[in-house]
Structure formats: C-alpha cells, structure tokens
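Novice: Contents are TSV, N, CA and C atoms; file name entry.tsv:
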chain	number	residue	atom	x	y	z
A	1	MET	N	51.26	-86.52	71.00
A	1	MET	CA	50.82	-86.54	69.62
A	1	MET	C	50.46	-85.12	69.20
A	2	SER	N	50.84	-84.72	68.01
A	2	SER	CA	50.67	-83.35	67.56
A	2	SER	C	49.22	-82.93	67.39
A	3	VAL	N	48.36	-83.85	66.94
A	3	VAL	CA	46.95	-83.50	66.80
A	3	VAL	C	46.35	-83.21	68.17
A	4	ASP	N	46.80	-83.93	69.18
A	4	ASP	CA	46.33	-83.67	70.55
A	4	ASP	C	46.74	-82.27	71.00
A	5	PHE	N	47.94	-81.85	70.64
A	5	PHE	CA	48.42	-80.51	70.96
A	5	PHE	C	47.49	-79.46	70.34
A	6	LEU	N	47.11	-79.66	69.08
A	6	LEU	CA	46.21	-78.72	68.40
A	6	LEU	C	44.81	-78.77	69.02
A	7	SER	N	44.36	-79.94	69.38
A	7	SER	CA	43.05	-80.07	70.03
A	7	SER	C	43.04	-79.36	71.37
A	8	ASP	N	44.16	-79.42	72.10
A	8	ASP	CA	44.28	-78.71	73.37
A	8	ASP	C	44.18	-77.20	73.16
A	9	ILE	N	44.81	-76.72	72.09
A	9	ILE	CA	44.72	-75.29	71.77
A	9	ILE	C	43.27	-74.93	71.47
A	10	GLU	N	42.61	-75.74	70.67
A	10	GLU	CA	41.22	-75.49	70.30
A	10	GLU	C	40.32	-75.43	71.54
A	11	GLN	N	40.50	-76.37	72.45
A	11	GLN	CA	39.70	-76.39	73.68
A	11	GLN	C	40.02	-75.19	74.57
A	12	SER	N	41.26	-74.81	74.61
A	12	SER	CA	41.67	-73.66	75.39
A	12	SER	C	41.01	-72.38	74.85
A	13	LEU	N	40.97	-72.24	73.53
A	13	LEU	CA	40.31	-71.08	72.92
A	13	LEU	C	38.82	-71.08	73.24
A	14	ASP	N	38.21	-72.26	73.23
A	14	ASP	CA	36.79	-72.37	73.56
A	14	ASP	C	36.51	-71.94	75.00
A	15	ARG	N	37.48	-72.12	75.88
A	15	ARG	CA	37.34	-71.73	77.28
A	15	ARG	C	37.65	-70.25	77.51
A	16	GLY	N	38.02	-69.54	76.44
A	16	GLY	CA	38.26	-68.11	76.56
A	16	GLY	C	39.71	-67.69	76.65
A	17	THR	N	40.62	-68.62	76.51
A	17	THR	CA	42.04	-68.27	76.53
A	17	THR	C	42.35	-67.40	75.31
A	18	VAL	N	43.14	-66.35	75.52
A	18	VAL	CA	43.60	-65.50	74.43
A	18	VAL	C	44.97	-66.00	74.01
A	19	LEU	N	45.14	-66.21	72.71
A	19	LEU	CA	46.39	-66.74	72.17
A	19	LEU	C	46.79	-65.91	70.96
A	20	PHE	N	48.08	-65.61	70.87
A	20	PHE	CA	48.61	-64.83	69.76
A	20	PHE	C	49.65	-65.67	69.01
A	21	ALA	N	49.87	-65.32	67.74
A	21	ALA	CA	50.86	-66.03	66.93
A	21	ALA	C	51.49	-65.07	65.93
A	22	CYS	N	52.76	-65.33	65.63
A	22	CYS	CA	53.44	-64.58	64.58
A	22	CYS	C	54.42	-65.51	63.87
A	23	PRO	N	54.70	-65.20	62.61
A	23	PRO	CA	55.68	-66.03	61.90
A	23	PRO	C	57.06	-65.84	62.50
A	24	SER	N	57.83	-66.90	62.43
A	24	SER	CA	59.21	-66.88	62.90
A	24	SER	C	60.11	-66.42	61.75
A	25	VAL	N	61.37	-66.25	62.06
A	25	VAL	CA	62.36	-65.95	61.03
A	25	VAL	C	62.45	-67.11	60.03
A	26	ASN	N	62.26	-68.34	60.54
A	26	ASN	CA	62.34	-69.53	59.70
A	26	ASN	C	61.01	-69.78	59.00
A	27	SER	N	61.06	-70.03	57.74
A	27	SER	CA	59.87	-70.26	56.94
A	27	SER	C	59.04	-71.42	57.48
A	28	GLY	N	57.75	-71.22	57.62
A	28	GLY	CA	56.85	-72.26	58.08
A	28	GLY	C	56.76	-72.42	59.58
A	29	GLU	N	57.64	-71.76	60.31
A	29	GLU	CA	57.60	-71.84	61.77
A	29	GLU	C	56.86	-70.63	62.32
A	30	TRP	N	56.01	-70.88	63.29
A	30	TRP	CA	55.26	-69.82	63.95
A	30	TRP	C	55.51	-69.89	65.43
A	31	ILE	N	55.40	-68.74	66.09
A	31	ILE	CA	55.58	-68.64	67.53
A	31	ILE	C	54.21	-68.35	68.14
A	32	LEU	N	53.81	-69.16	69.10
A	32	LEU	CA	52.54	-68.98	69.78
A	32	LEU	C	52.79	-68.52	71.21
A	33	SER	N	51.95	-67.62	71.69
A	33	SER	CA	52.11	-67.14	73.06
A	33	SER	C	50.79	-66.58	73.57
A	34	LYS	N	50.59	-66.70	74.86
A	34	LYS	CA	49.44	-66.07	75.51
A	34	LYS	C	49.73	-64.61	75.84
A	35	VAL	N	51.00	-64.21	75.72
A	35	VAL	CA	51.43	-62.87	76.11
A	35	VAL	C	51.90	-62.10	74.87
A	36	LEU	N	51.15	-61.09	74.51
A	36	LEU	CA	51.46	-60.29	73.33
A	36	LEU	C	52.84	-59.65	73.41
A	37	ASP	N	53.22	-59.17	74.59
A	37	ASP	CA	54.52	-58.52	74.75
A	37	ASP	C	55.69	-59.44	74.41
A	38	GLU	N	55.52	-60.74	74.61
A	38	GLU	CA	56.59	-61.69	74.27
A	38	GLU	C	56.80	-61.78	72.76
A	39	LEU	N	55.74	-61.56	72.00
A	39	LEU	CA	55.83	-61.71	70.54
A	39	LEU	C	56.33	-60.46	69.83
A	40	ARG	N	56.16	-59.31	70.42
A	40	ARG	CA	56.51	-58.06	69.73
A	40	ARG	C	57.96	-58.03	69.23
A	41	PRO	N	58.97	-58.30	70.06
A	41	PRO	CA	60.34	-58.26	69.53
A	41	PRO	C	60.60	-59.37	68.50
A	42	LYS	N	59.95	-60.50	68.65
A	42	LYS	CA	60.13	-61.59	67.69
A	42	LYS	C	59.50	-61.25	66.35
A	43	ALA	N	58.35	-60.59	66.38
A	43	ALA	CA	57.70	-60.16	65.15
A	43	ALA	C	58.55	-59.11	64.43
A	44	GLN	N	59.11	-58.18	65.19
A	44	GLN	CA	59.96	-57.15	64.57
A	44	GLN	C	61.20	-57.78	63.97
A	45	ARG	N	61.79	-58.73	64.68
A	45	ARG	CA	62.98	-59.43	64.16
A	45	ARG	C	62.65	-60.17	62.87
A	46	ALA	N	61.50	-60.84	62.82
A	46	ALA	CA	61.09	-61.57	61.61
A	46	ALA	C	60.83	-60.60	60.46
A	47	ALA	N	60.18	-59.47	60.74
A	47	ALA	CA	59.93	-58.48	59.70
A	47	ALA	C	61.25	-57.94	59.15
A	48	ASN	N	62.21	-57.67	60.03
A	48	ASN	CA	63.53	-57.18	59.59
A	48	ASN	C	64.23	-58.24	58.74
A	49	SER	N	64.17	-59.48	59.18
A	49	SER	CA	64.85	-60.56	58.48
A	49	SER	C	64.24	-60.83	57.11
A	50	LYS	N	62.92	-60.83	57.05
A	50	LYS	CA	62.22	-61.14	55.79
A	50	LYS	C	62.08	-59.92	54.89
A	51	LYS	N	62.36	-58.75	55.46
A	51	LYS	CA	62.33	-57.49	54.73
A	51	LYS	C	60.96	-57.18	54.13
A	52	HIS	N	59.92	-57.57	54.85
A	52	HIS	CA	58.57	-57.18	54.47
A	52	HIS	C	57.68	-57.14	55.71
A	53	GLU	N	56.57	-56.45	55.55
A	53	GLU	CA	55.61	-56.28	56.63
A	53	GLU	C	55.02	-57.63	57.04
A	54	LEU	N	54.83	-57.81	58.34
A	54	LEU	CA	54.11	-58.99	58.80
A	54	LEU	C	53.29	-58.63	60.02
A	55	HIS	N	52.48	-59.57	60.47
A	55	HIS	CA	51.51	-59.30	61.51
A	55	HIS	C	51.65	-60.27	62.68
A	56	ILE	N	51.20	-59.79	63.83
A	56	ILE	CA	50.89	-60.68	64.95
A	56	ILE	C	49.38	-60.89	64.86
A	57	TYR	N	48.97	-62.14	64.99
A	57	TYR	CA	47.57	-62.49	64.89
A	57	TYR	C	47.03	-62.95	66.24
A	58	ARG	N	45.78	-62.64	66.48
A	58	ARG	CA	45.06	-63.24	67.60
A	58	ARG	C	44.40	-64.49	67.04
A	59	ILE	N	44.64	-65.61	67.68
A	59	ILE	CA	44.13	-66.89	67.21
A	59	ILE	C	42.75	-67.13	67.81
A	60	VAL	N	41.80	-67.52	66.96
A	60	VAL	CA	40.43	-67.80	67.40
A	60	VAL	C	40.01	-69.16	66.87
A	61	ASN	N	38.96	-69.70	67.44
A	61	ASN	CA	38.39	-70.93	66.92
A	61	ASN	C	38.00	-70.68	65.46
A	62	ALA	N	38.25	-71.64	64.60
A	62	ALA	CA	37.98	-71.47	63.17
A	62	ALA	C	36.52	-71.11	62.91
A	63	MET	N	35.61	-71.61	63.73
A	63	MET	CA	34.19	-71.30	63.53
A	63	MET	C	33.85	-69.86	63.91
A	64	ASP	N	34.72	-69.20	64.66
A	64	ASP	CA	34.50	-67.81	65.05
A	64	ASP	C	35.10	-66.81	64.06
A	65	ALA	N	35.83	-67.31	63.07
A	65	ALA	CA	36.43	-66.43	62.07
A	65	ALA	C	35.33	-65.83	61.19
A	66	VAL	N	35.54	-64.59	60.79
A	66	VAL	CA	34.56	-63.90	59.94
A	66	VAL	C	35.21	-63.53	58.62
A	67	ASN	N	34.40	-63.04	57.68
A	67	ASN	CA	34.93	-62.61	56.39
A	67	ASN	C	36.08	-61.64	56.58
A	68	GLY	N	37.16	-61.87	55.87
A	68	GLY	CA	38.33	-61.02	55.96
A	68	GLY	C	39.40	-61.58	56.88
A	69	ASP	N	39.03	-62.50	57.76
A	69	ASP	CA	40.03	-63.14	58.61
A	69	ASP	C	40.80	-64.19	57.80
A	70	SER	N	41.98	-64.50	58.27
A	70	SER	CA	42.79	-65.56	57.67
A	70	SER	C	42.66	-66.81	58.53
A	71	PHE	N	43.34	-67.86	58.10
A	71	PHE	CA	43.32	-69.12	58.84
A	71	PHE	C	44.75	-69.64	58.97
A	72	LEU	N	45.08	-70.12	60.15
A	72	LEU	CA	46.38	-70.70	60.43
A	72	LEU	C	46.20	-72.21	60.48
A	73	VAL	N	46.95	-72.92	59.65
A	73	VAL	CA	46.76	-74.36	59.50
A	73	VAL	C	48.12	-75.07	59.52
A	74	VAL	N	48.14	-76.26	60.10
A	74	VAL	CA	49.36	-77.06	60.09
A	74	VAL	C	49.43	-77.80	58.76
A	75	ARG	N	50.48	-77.53	58.01
A	75	ARG	CA	50.70	-78.19	56.72
A	75	ARG	C	51.36	-79.55	56.90
A	76	LYS	N	52.24	-79.63	57.91
A	76	LYS	CA	52.99	-80.86	58.09
A	76	LYS	C	53.43	-80.97	59.54
A	77	PHE	N	53.24	-82.17	60.09
A	77	PHE	CA	53.77	-82.46	61.43
A	77	PHE	C	55.22	-82.90	61.27
A	78	LEU	N	56.09	-82.31	62.08
A	78	LEU	CA	57.51	-82.64	62.05
A	78	LEU	C	57.85	-83.48	63.27
A	79	ASP	N	59.05	-84.04	63.28
A	79	ASP	CA	59.50	-84.79	64.45
A	79	ASP	C	59.56	-83.85	65.65
A	80	PRO	N	59.11	-84.32	66.82
A	80	PRO	CA	59.14	-83.45	68.00
A	80	PRO	C	60.56	-83.09	68.42
A	81	GLN	N	60.66	-82.01	69.17
A	81	GLN	CA	61.95	-81.62	69.72
A	81	GLN	C	62.39	-82.68	70.72
A	82	THR	N	63.65	-82.62	71.11
A	82	THR	CA	64.19	-83.63	72.03
A	82	THR	C	63.44	-83.66	73.36
A	83	ASP	N	62.84	-82.54	73.76
A	83	ASP	CA	62.08	-82.51	75.01
A	83	ASP	C	60.63	-82.95	74.82
A	84	GLY	N	60.27	-83.36	73.60
A	84	GLY	CA	58.92	-83.84	73.32
A	84	GLY	C	57.96	-82.78	72.82
A	85	THR	N	58.41	-81.53	72.76
A	85	THR	CA	57.55	-80.45	72.29
A	85	THR	C	57.22	-80.67	70.81
A	86	PRO	N	55.93	-80.60	70.46
A	86	PRO	CA	55.56	-80.80	69.05
A	86	PRO	C	56.15	-79.72	68.15
A	87	ARG	N	56.50	-80.11	66.94
A	87	ARG	CA	56.98	-79.18	65.91
A	87	ARG	C	56.08	-79.33	64.69
A	88	MET	N	55.74	-78.21	64.09
A	88	MET	CA	54.84	-78.22	62.96
A	88	MET	C	55.26	-77.18	61.93
A	89	HIS	N	54.91	-77.46	60.69
A	89	HIS	CA	55.10	-76.50	59.61
A	89	HIS	C	53.73	-75.88	59.36
A	90	TRP	N	53.61	-74.58	59.61
A	90	TRP	CA	52.34	-73.87	59.52
A	90	TRP	C	52.21	-73.11	58.20
A	91	ALA	N	50.98	-72.79	57.84
A	91	ALA	CA	50.71	-71.92	56.69
A	91	ALA	C	49.54	-71.01	57.05
A	92	LEU	N	49.58	-69.81	56.54
A	92	LEU	CA	48.49	-68.86	56.70
A	92	LEU	C	47.75	-68.80	55.37
A	93	VAL	N	46.45	-69.06	55.39
A	93	VAL	CA	45.66	-69.07	54.15
A	93	VAL	C	44.46	-68.14	54.32
A	94	ASP	N	43.84	-67.81	53.19
A	94	ASP	CA	42.77	-66.82	53.20
A	94	ASP	C	41.36	-67.38	53.39
A	95	THR	N	41.17	-68.67	53.16
A	95	THR	CA	39.81	-69.20	53.22
A	95	THR	C	39.74	-70.48	54.05
A	96	ARG	N	38.55	-70.74	54.55
A	96	ARG	CA	38.28	-71.97	55.29
A	96	ARG	C	38.49	-73.18	54.37
A	97	GLU	N	38.09	-73.04	53.10
A	97	GLU	CA	38.24	-74.13	52.14
A	97	GLU	C	39.70	-74.48	51.92
A	98	ALA	N	40.55	-73.47	51.84
A	98	ALA	CA	41.99	-73.72	51.68
A	98	ALA	C	42.54	-74.43	52.91
A	99	SER	N	42.05	-74.05	54.08
A	99	SER	CA	42.48	-74.71	55.33
A	99	SER	C	42.13	-76.19	55.30
A	100	GLU	N	40.93	-76.49	54.87
A	100	GLU	CA	40.48	-77.88	54.79
A	100	GLU	C	41.36	-78.69	53.84
A	101	MET	N	41.72	-78.08	52.72
A	101	MET	CA	42.51	-78.79	51.71
A	101	MET	C	43.98	-78.92	52.09
A	102	MET	N	44.53	-77.94	52.80
A	102	MET	CA	45.96	-77.90	53.07
A	102	MET	C	46.38	-78.58	54.36
A	103	ARG	N	45.46	-78.80	55.27
A	103	ARG	CA	45.85	-79.31	56.59
A	103	ARG	C	46.40	-80.73	56.51
A	104	ASP	N	47.31	-81.00	57.42
A	104	ASP	CA	47.92	-82.33	57.52
A	104	ASP	C	46.89	-83.28	58.11
A	105	VAL	N	46.62	-84.39	57.42
A	105	VAL	CA	45.67	-85.37	57.92
A	105	VAL	C	46.37	-86.70	58.22
A	106	SER	N	47.69	-86.69	58.31
A	106	SER	CA	48.45	-87.91	58.54
A	106	SER	C	48.14	-88.54	59.90
A	107	GLN	N	47.69	-87.73	60.86
A	107	GLN	CA	47.35	-88.24	62.19
A	107	GLN	C	45.86	-88.08	62.48
A	108	GLY	N	45.09	-87.90	61.42
A	108	GLY	CA	43.66	-87.61	61.55
A	108	GLY	C	43.44	-86.15	61.20
A	109	PRO	N	42.19	-85.75	61.03
A	109	PRO	CA	41.91	-84.36	60.65
A	109	PRO	C	42.41	-83.39	61.71
A	110	SER	N	43.38	-82.59	61.37
A	110	SER	CA	43.95	-81.66	62.34
A	110	SER	C	43.13	-80.37	62.40
A	111	PRO	N	42.93	-79.85	63.60
A	111	PRO	CA	42.23	-78.57	63.73
A	111	PRO	C	43.03	-77.44	63.09
A	112	TYR	N	42.33	-76.44	62.64
A	112	TYR	CA	42.96	-75.21	62.16
A	112	TYR	C	42.26	-74.06	62.85
A	113	PHE	N	42.83	-72.86	62.74
A	113	PHE	CA	42.38	-71.75	63.56
A	113	PHE	C	42.17	-70.49	62.73
A	114	GLY	N	41.23	-69.66	63.17
A	114	GLY	CA	41.07	-68.34	62.60
A	114	GLY	C	42.20	-67.46	63.07
A	115	ALA	N	42.61	-66.52	62.23
A	115	ALA	CA	43.71	-65.62	62.56
A	115	ALA	C	43.29	-64.18	62.26
A	116	VAL	N	43.18	-63.39	63.32
A	116	VAL	CA	42.73	-62.01	63.22
A	116	VAL	C	43.94	-61.10	63.45
A	117	ILE	N	44.19	-60.18	62.54
A	117	ILE	CA	45.36	-59.28	62.69
A	117	ILE	C	45.21	-58.47	63.97
A	118	GLU	N	46.25	-58.54	64.79
A	118	GLU	CA	46.28	-57.81	66.05
A	118	GLU	C	47.20	-56.58	65.94
A	119	GLU	N	48.41	-56.79	65.39
A	119	GLU	CA	49.37	-55.70	65.21
A	119	GLU	C	50.16	-55.96	63.94
A	120	THR	N	50.71	-54.90	63.37
A	120	THR	CA	51.49	-54.98	62.14
A	120	THR	C	52.89	-54.45	62.39
A	121	TYR	N	53.88	-55.13	61.80
A	121	TYR	CA	55.29	-54.74	61.95
A	121	TYR	C	55.91	-54.56	60.57
A	122	LYS	N	56.62	-53.45	60.43
A	122	LYS	CA	57.33	-53.17	59.19
A	122	LYS	C	58.82	-53.34	59.45
A	123	PRO	N	59.57	-53.74	58.43
A	123	PRO	CA	61.01	-53.89	58.63
A	123	PRO	C	61.66	-52.54	58.96
A	124	ALA	N	62.63	-52.57	59.83
A	124	ALA	CA	63.37	-51.35	60.17
A	124	ALA	C	64.24	-50.98	58.96
A	125	LEU	N	64.39	-49.72	58.74
A	125	LEU	CA	65.19	-49.25	57.59
A	125	LEU	C	66.65	-49.27	57.89
Let me see whether you can do it: turn the structure in this file into structure tokens.
Specialist:
Amino acid sequence: MSVDFLSDIEQSLDRGTVLFACPSVNSGEWILSKVLDELRPKAQRAANSKKHELHIYRIVNAMDAVNGDSFLVVRKFLDPQTDGTPRMHWALVDTREASEMMRDVSQGPSPYFGAVIEETYKPAL
C-alpha cells in the first residue's frame, strides 16, 4: 500500500536516515535515493530536459522543516509497477498548509516531507 511506503520513509527519517530527492524528466515523478551521487546525473539530465534550473533536496520529517523550506507531497497515488513498487505523482509546495490541502487522502492521510535544497543544477548550454 502506498501510504505504508510513505510511512516507512517517515519512520526511516526519524531514525536518522538521510534521503535525497530530485524531480525526474517526467512531470510529477521524483527520484528518491539515499546516495547523493546517484541523483547528480539524473538531476542534470532533468535540468537539461526541462531547460530550467532545478534542485536536489534533502528530505526531512515535515515537523523538522523550517521557514524557507519547501514540502514534498504526494498528489496522487498511481497504480504500482509490475514488480509492486509504489508509483506516485509528487508536487513541491512552499507551505505546510498547501501540503495539507494538496496531499492524496484516498488511502488515508498521507505523510508529506520537508524538502531542503542540497544542490542546484542549471541546464547545460
């Protein structure tokens, strides 16, 4: 279940796991990884494809987010991949209130996360 997947992420963050995320080339898709080096080429590829600057974010528990941080929220749960991996349509918003309003509640209140800019990527010329 997708909400369980998000709850697992939330619990992992509470235990001190470091997690990073960046937008994918495809709109609404995000790539999550514990390894920053894995995301760097994907972030550059997405910046080149979208032709605008984008960021890799360090994901934190929503309660640990401070003024100026963004929030990463699941807008819609999609059908899982054939191997059972959850698929979600994500959105990055500026406020906790927007996260509360935008999150998918079809499977119960889904957790959302604070997003702190870790690195910035500009499209290659």
Novice: Could you tell me which of A:Lys50, A:Ser7, A:Pro111, A:Ile56 comes closest to Leu72 (chain A) if we count all atoms listed in the file?
Specialist: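 Using all atoms listed in the file, the shortest distance to Leu72 (chain A) belongs to A:Pro111.
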Novice: One decimal, Å: what's the distance from CA of Ala47 (chain A) over to CA of Tyr121 (chain A), could you say?
Specialist: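 According to the coordinates, CA of Ala47 (chain A) and CA of Tyr121 (chain A) are separated by 6.4 Å.
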Novice: When you count only C-alpha atoms, which of these residues is closest to Cys22 (chain A): A:Val93, A:Ala43, A:Ile59, A:Leu78?
Specialist: A:Ala43
Novice: Mind giving me the straight-line distance from CA of Thr85 (chain A) to CA of Leu36 (chain A) in Å, one decimal?
Specialist: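 Distance between the two atoms: 21.1 Å.
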Novice: Would you mind listing what lies within 5 Å of region 94-104 of chain A as a list in words, with all atoms listed in the file counted and same-chain residues fewer than 4 positions away left out?
Specialist: Ser70, Phe71, Val74, Arg75 and Ser110 of chain A
Novice: Considering all atoms listed in the file, can you say which of A:Val35, A:Leu125, A:Gly114, A:Val73 comes closest to Leu92 (chain A)?
Specialist: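 Closest candidate: A:Val73.
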Novice: Can you pull out the residues contacting region 14-21 of chain A? Cut-off 9 Å, using only C-alpha atoms, and skip same-chain residues under 5 positions away; I want them as a VMD selection string.
Specialist: chain A and resid 9 30 to 36 39 55 to 61 115 118
Novice: Which residues come within 7 Å of Phe77 (chain A), counting only C-alpha atoms, excluding same-chain residues fewer than 6 positions away, as a ChimeraX atom specification?
Specialist: /A:2,87-89
Novice: CA of His52 (chain A) to atom C of Lys76 (chain A): how many Å, to one decimal?
Specialist: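 Taking CA of His52 (chain A) and atom C of Lys76 (chain A), their separation equals 24.9 Å.
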Novice: From the options A:Asp69, A:Asp64, A:Glu119, A:Glu10, which residue's atoms come nearest to Gln44 (chain A), counting only C-alpha atoms?
Specialist: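 Looking only at the distances to Gln44 (chain A), the closest residue turns out to be A:Glu119.
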Novice: In terms of the shortest atom-to-atom distance over only N, CA and C atoms, which of A:Ser49, A:Leu6, A:Tyr112, A:Trp90 is closest to Met63 (chain A)?
Specialist: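 Nearest to Met63 (chain A): A:Tyr112.
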Novice: What residues in region 18-95 of chain A get the DSSP label strand (DSSP E)? Please answer as an MDAnalysis selection string.
Specialist: chainID A and resid 19:23 30:33 54:61 70:78 87:93
Novice: From a backbone DSSP assignment, name each residue in chain A labelled alpha helix (DSSP H), as a ChimeraX atom specification.
Specialist: /A:2-14,36-50,96-102
Novice: Would you mind exporting N, CA and C atoms of the selected residues as a compact mmCIF listing (two decimals), in the frame of the given file?
Specialist:
# COMPACT_ATOMS: atom_id res chain seq x y z
N SER A 2 50.84 -84.72 68.01
CA SER A 2 50.67 -83.35 67.56
C SER A 2 49.22 -82.93 67.39
N VAL A 3 48.36 -83.85 66.94
CA VAL A 3 46.95 -83.50 66.80
C VAL A 3 46.35 -83.21 68.17
N ASP A 4 46.80 -83.93 69.18
CA ASP A 4 46.33 -83.67 70.55
C ASP A 4 46.74 -82.27 71.00
N PHE A 5 47.94 -81.85 70.64
CA PHE A 5 48.42 -80.51 70.96
C PHE A 5 47.49 -79.46 70.34
N LEU A 6 47.11 -79.66 69.08
CA LEU A 6 46.21 -78.72 68.40
C LEU A 6 44.81 -78.77 69.02
N SER A 7 44.36 -79.94 69.38
CA SER A 7 43.05 -80.07 70.03
C SER A 7 43.04 -79.36 71.37
N ASP A 8 44.16 -79.42 72.10
CA ASP A 8 44.28 -78.71 73.37
C ASP A 8 44.18 -77.20 73.16
N ILE A 9 44.81 -76.72 72.09
CA ILE A 9 44.72 -75.29 71.77
C ILE A 9 43.27 -74.93 71.47
N GLU A 10 42.61 -75.74 70.67
CA GLU A 10 41.22 -75.49 70.30
C GLU A 10 40.32 -75.43 71.54
N GLN A 11 40.50 -76.37 72.45
CA GLN A 11 39.70 -76.39 73.68
C GLN A 11 40.02 -75.19 74.57
N SER A 12 41.26 -74.81 74.61
CA SER A 12 41.67 -73.66 75.39
C SER A 12 41.01 -72.38 74.85
N LEU A 13 40.97 -72.24 73.53
CA LEU A 13 40.31 -71.08 72.92
C LEU A 13 38.82 -71.08 73.24
N ASP A 14 38.21 -72.26 73.23
CA ASP A 14 36.79 -72.37 73.56
C ASP A 14 36.51 -71.94 75.00
N LEU A 36 51.15 -61.09 74.51
CA LEU A 36 51.46 -60.29 73.33
C LEU A 36 52.84 -59.65 73.41
N ASP A 37 53.22 -59.17 74.59
CA ASP A 37 54.52 -58.52 74.75
C ASP A 37 55.69 -59.44 74.41
N GLU A 38 55.52 -60.74 74.61
CA GLU A 38 56.59 -61.69 74.27
C GLU A 38 56.80 -61.78 72.76
N LEU A 39 55.74 -61.56 72.00
CA LEU A 39 55.83 -61.71 70.54
C LEU A 39 56.33 -60.46 69.83
N ARG A 40 56.16 -59.31 70.42
CA ARG A 40 56.51 -58.06 69.73
C ARG A 40 57.96 -58.03 69.23
N PRO A 41 58.97 -58.30 70.06
CA PRO A 41 60.34 -58.26 69.53
C PRO A 41 60.60 -59.37 68.50
N LYS A 42 59.95 -60.50 68.65
CA LYS A 42 60.13 -61.59 67.69
C LYS A 42 59.50 -61.25 66.35
N ALA A 43 58.35 -60.59 66.38
CA ALA A 43 57.70 -60.16 65.15
C ALA A 43 58.55 -59.11 64.43
N GLN A 44 59.11 -58.18 65.19
CA GLN A 44 59.96 -57.15 64.57
C GLN A 44 61.20 -57.78 63.97
N ARG A 45 61.79 -58.73 64.68
CA ARG A 45 62.98 -59.43 64.16
C ARG A 45 62.65 -60.17 62.87
N ALA A 46 61.50 -60.84 62.82
CA ALA A 46 61.09 -61.57 61.61
C ALA A 46 60.83 -60.60 60.46
N ALA A 47 60.18 -59.47 60.74
CA ALA A 47 59.93 -58.48 59.70
C ALA A 47 61.25 -57.94 59.15
N ASN A 48 62.21 -57.67 60.03
CA ASN A 48 63.53 -57.18 59.59
C ASN A 48 64.23 -58.24 58.74
N SER A 49 64.17 -59.48 59.18
CA SER A 49 64.85 -60.56 58.48
C SER A 49 64.24 -60.83 57.11
N LYS A 50 62.92 -60.83 57.05
CA LYS A 50 62.22 -61.14 55.79
C LYS A 50 62.08 -59.92 54.89
N ARG A 96 38.55 -70.74 54.55
CA ARG A 96 38.28 -71.97 55.29
C ARG A 96 38.49 -73.18 54.37
N GLU A 97 38.09 -73.04 53.10
CA GLU A 97 38.24 -74.13 52.14
C GLU A 97 39.70 -74.48 51.92
N ALA A 98 40.55 -73.47 51.84
CA ALA A 98 41.99 -73.72 51.68
C ALA A 98 42.54 -74.43 52.91
N SER A 99 42.05 -74.05 54.08
CA SER A 99 42.48 -74.71 55.33
C SER A 99 42.13 -76.19 55.30
N GLU A 100 40.93 -76.49 54.87
CA GLU A 100 40.48 -77.88 54.79
C GLU A 100 41.36 -78.69 53.84
N MET A 101 41.72 -78.08 52.72
CA MET A 101 42.51 -78.79 51.71
C MET A 101 43.98 -78.92 52.09
N MET A 102 44.53 -77.94 52.80
CA MET A 102 45.96 -77.90 53.07
C MET A 102 46.38 -78.58 54.36
Novice: Given 5 Å of margin on each side, can you work out the centre and size in Å (one decimal) of an axis-aligned box holding every listed atom of region 73-89 of chain A, as lines of an AutoDock Vina configuration file?
Specialist:
center_x = 55.5
center_y = -78.9
center_z = 65.9
size_x = 27.4
size_y = 21.9
size_z = 28.3
